[in-house]
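**Q** Got a structure for you, written out below as structure tokens; questions coming shortly.
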Amino acid sequence: MCKKNLLRVTIFYLAVCVCLKANAQTDSSVMLMNEQRKINVFSVGFGVQHGFIFAHSQDVQNTKGANPTGIEAFFSWQKIDTAIWKICNCFPRNGLLLAYYDYDNRILGKSATAAFFLEPSYKLGKKTFFSFTGATGFSYLSNPYDSIKNFANRSYSTHISVYLRVGVGVWYQLGNHWWLNTSVNYHHESNGGLRQPNKGINWPTAGVTISHQKYYPDYISGIRTKDKFWKSYHPRWDAALFGTARRSLNFRGESTRLPLFGISVTASKQVGRINMITLGAEAARDEELHVKLKRDSLQASPVNATLVAGHEFILGKFLFTQRIGLYLFDKTPYHDLVYHRWGIQYRIVKNFGVALTLKAHRHVADYGDLRLIYSLQKNL
């Protein structure tokens with residue numbers, strides 16, 4: 001399967017290169033027309049990352065001292081047209097990240113990752129850009145918890161886990177076709193609470209990437225506009241239904257999946273070209289928590305309600321969300337008072353969207369969920 005996927009990616013890259021070469025041979029009038037449209041510059045990059053495991057709880061102290069090393073491949077498209085510059089004074093990049101990590105620890109093993117990433121880039125100088133990155137996807141982990149073969153692994157218990165990444169970097173132009181990127185990143189992997197144990201893997205890294213573009217783009221170097229057009233925008237209201245299925249042991253000790261479902265209402269106000277602040281509330285019922293309470297002989301409700309506030313990066317139809325939640329109603333003894341939630345939302349049409357989010361208490365993931373979102377915003 002891996003060889004087939006690699007072959008498909010290679011064929012795809014070659015096909016894109018052929019298309020770029022064909023475009024480069026068009027006359028100047030056609031190029032001028034293309035410059036007036038939305039332009040996406042394709043690039044491919046390869047890099048290496050090295051860091052250390054953050055052993056965030058007593059349960060995962062057996063991973064302390066490990067130094068993961070990863071090799072990565074990036075396939076990205078960067079918008080460089082006038083329209084996107086007027087919106088954010090930046091050149092956003094998005095694409096596919098493929099990575100392979102050796103965790104330098106027998107208990108943790110190795111992983112292979114495929115993720116979608118968003119990376120706004122800001123021009124610092126003629127040849128230098130600053131960028132920040134958010135990525136989410138899935139990882140295949142080689143050595144999950146096993147009560148017999150790998151009972152010491154408290155970090156993950158399924159082969160498939162959710163991958164999250166945030167980072168910052170500096171791009172430097174080496175030539176018309178080559179770029180050097182240095183970056184620092186924070187990575188997280190967990191199964192979103194689908195199976196226990198699930199303390200997660202957390203590791204910061206630093207690394208370098210070499211990237212190649214088929215042709216040199218004409219980056220806009222105009223004056224940054226100071227027009228605060230977003231001040232007249234009305235707030236956006238989102239109503240969402242969300243849910244997931246969590247693995248648990250029933251009263252007979254049998255493994256089963258139990259539903260978690262909830263609702264949320266959020267108001268968002270734009271405060272910058274690509275920035276929004278959010279305030280809302282959500283409530284959820286967790287059947288896995290209900291079973292856990294009964295198993296521990298506790299009389300408490302499996303329903304909780306929270307106040308949430310946060311921030312969103314606006315990147316076209318994508319929103320990268322970060323939120324802090326405060327429990328207003330939680331009668332269980334298992335949770336901290338505060339949690340954080342990360343997610344990526346995609347607007348399918350004007351009023352409807354979907355999102356994937358991950359909720360965590362400190363450095364331990366609680367669960368991941370899928371959200372169906374209805375949005376309302378008055379016209380200007």
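By order in the structure tokens, chains are A, B, ...; within a chain, residues start at 1; ligands start at 1, following the order shown.
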So which bits of segment 210-247 of chain A end up helix (DSSP H, G or I) when you DSSP the backbone, as a PDB file with C-alpha atoms, in the first residue's frame?
**A**
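Listing of selection.pdb after writing:
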ATOM      1  CA  PHE A 229     -12.546  47.044   6.265  1.00  0.00           C
ATOM      2  CA  TRP A 230     -13.543  44.314   8.727  1.00  0.00           C
ATOM      3  CA  LYS A 231     -14.784  46.844  11.303  1.00  0.00           C
ATOM      4  CA  SER A 232     -18.087  47.129   9.442  1.00  0.00           C
TER       5      SER A 232
END
**Q** List as JSON lines every residue of segment 199-315 of chain A that is in contact with segment 54-75 of chain A, defined as an atom at most 9 Å from one of its atoms (using only C-alpha atoms), together with the nearest atom pair and the distance in Å rounded to one decimal, sorted by chain and then rising number.
**A**
{"residue": "A:Lys199", "atom": "CA", "partner": "A:Val60", "partner_atom": "CA", "distance": 7.5}
{"residue": "A:Gly200", "atom": "CA", "partner": "A:Val60", "partner_atom": "CA", "distance": 8.9}
{"residue": "A:Ile201", "atom": "CA", "partner": "A:Phe54", "partner_atom": "CA", "distance": 7.7}
{"residue": "A:Asn202", "atom": "CA", "partner": "A:Phe54", "partner_atom": "CA", "distance": 5.4}
{"residue": "A:Trp203", "atom": "CA", "partner": "A:Phe54", "partner_atom": "CA", "distance": 5.4}
{"residue": "A:Pro204", "atom": "CA", "partner": "A:Phe54", "partner_atom": "CA", "distance": 7.5}
{"residue": "A:Thr205", "atom": "CA", "partner": "A:Pro68", "partner_atom": "CA", "distance": 8.2}
{"residue": "A:Thr209", "atom": "CA", "partner": "A:Glu72", "partner_atom": "CA", "distance": 8.3}
{"residue": "A:Ser211", "atom": "CA", "partner": "A:Phe74", "partner_atom": "CA", "distance": 8.2}
**Q** So what do you get for atom CA of Ser147 of chain A versus atom CA of Pro333 of chain A, distance-wise?
**A**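 Atom CA of Ser147 of chain A sits 26.9 Å away from atom CA of Pro333 of chain A.
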**Q** Extract the full set of strand (DSSP E) residues from segment 298-368 of chain A according to DSSP on the backbone, and format it as a ChimeraX atom specification.
**A** /A:303-315,318-329,338-347,352-361,364-368
**Q** Those same residues - C-alpha atoms - I'd like them written as an mmCIF file, in the first residue's frame.
**A**
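Saved to again_10.cif:
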data_model
loop_
_atom_site.group_PDB
_atom_site.id
_atom_site.type_symbol
_atom_site.label_atom_id
_atom_site.label_comp_id
_atom_site.auth_asym_id
_atom_site.auth_seq_id
_atom_site.Cartn_x
_atom_site.Cartn_y
_atom_site.Cartn_z
ATOM 1 C CA VAL A 303 -23.799 15.946 31.008
ATOM 2 C CA ASN A 304 -21.556 18.994 31.085
ATOM 3 C CA ALA A 305 -21.945 22.585 29.942
ATOM 4 C CA THR A 306 -19.123 25.017 29.230
ATOM 5 C CA LEU A 307 -18.351 28.597 28.286
ATOM 6 C CA VAL A 308 -15.824 28.842 25.438
ATOM 7 C CA ALA A 309 -13.739 31.735 24.129
ATOM 8 C CA GLY A 310 -11.002 31.782 21.556
ATOM 9 C CA HIS A 311 -9.539 32.816 18.240
ATOM 10 C CA GLU A 312 -9.812 31.875 14.571
ATOM 11 C CA PHE A 313 -7.399 32.284 11.673
ATOM 12 C CA ILE A 314 -9.327 33.011 8.452
ATOM 13 C CA LEU A 315 -7.703 31.312 5.478
ATOM 14 C CA PHE A 318 -10.752 27.232 6.036
ATOM 15 C CA LEU A 319 -10.768 28.380 9.647
ATOM 16 C CA PHE A 320 -8.077 27.267 12.083
ATOM 17 C CA THR A 321 -9.644 27.490 15.556
ATOM 18 C CA GLN A 322 -8.172 27.610 19.056
ATOM 19 C CA ARG A 323 -10.465 27.768 22.076
ATOM 20 C CA ILE A 324 -10.341 27.734 25.866
ATOM 21 C CA GLY A 325 -13.311 26.258 27.720
ATOM 22 C CA LEU A 326 -14.495 26.778 31.298
ATOM 23 C CA TYR A 327 -16.869 24.224 32.853
ATOM 24 C CA LEU A 328 -20.051 25.864 34.130
ATOM 25 C CA PHE A 329 -21.691 22.522 34.923
ATOM 26 C CA VAL A 338 -10.402 24.469 32.177
ATOM 27 C CA TYR A 339 -9.752 22.692 28.871
ATOM 28 C CA HIS A 340 -8.559 23.669 25.387
ATOM 29 C CA ARG A 341 -9.889 22.725 21.948
ATOM 30 C CA TRP A 342 -8.181 22.882 18.531
ATOM 31 C CA GLY A 343 -9.811 22.406 15.159
ATOM 32 C CA ILE A 344 -10.041 23.042 11.447
ATOM 33 C CA GLN A 345 -13.345 24.154 9.944
ATOM 34 C CA TYR A 346 -14.223 24.112 6.244
ATOM 35 C CA ARG A 347 -17.076 26.136 4.758
ATOM 36 C CA PHE A 352 -22.950 25.223 5.984
ATOM 37 C CA GLY A 353 -19.624 23.833 7.089
ATOM 38 C CA VAL A 354 -17.895 20.909 8.780
ATOM 39 C CA ALA A 355 -15.124 20.779 11.362
ATOM 40 C CA LEU A 356 -12.801 18.352 13.094
ATOM 41 C CA THR A 357 -11.783 19.325 16.632
ATOM 42 C CA LEU A 358 -9.744 17.838 19.469
ATOM 43 C CA LYS A 359 -10.515 18.558 23.128
ATOM 44 C CA ALA A 360 -7.757 18.210 25.732
ATOM 45 C CA HIS A 361 -7.179 18.762 29.440
ATOM 46 C CA VAL A 364 -3.927 14.861 27.722
ATOM 47 C CA ALA A 365 -6.438 14.526 24.872
ATOM 48 C CA ASP A 366 -10.026 13.854 25.933
ATOM 49 C CA TYR A 367 -11.728 13.187 22.580
ATOM 50 C CA GLY A 368 -11.956 14.272 18.970
#
**Q** Just checking: using only C-alpha atoms, which residue out of A:Arg195, A:His159, A:Arg236, A:Arg247 ends up closest to Gly109 of chain A?
**A**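 For Gly109 of chain A, the nearest of the candidates is A:His159.
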**Q** One decimal, Å: what's the distance from atom CA of Gly192 of chain A over to atom CA of Thr133 of chain A, could you say?
**A** 21.5 Å
**Q** What's the separation between atom CA of Arg154 of chain A and atom CA of Phe138 of chain A, in Å to one decimal place?
**A**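 Going from atom CA of Arg154 of chain A over to atom CA of Phe138 of chain A, I get 19.1 Å.
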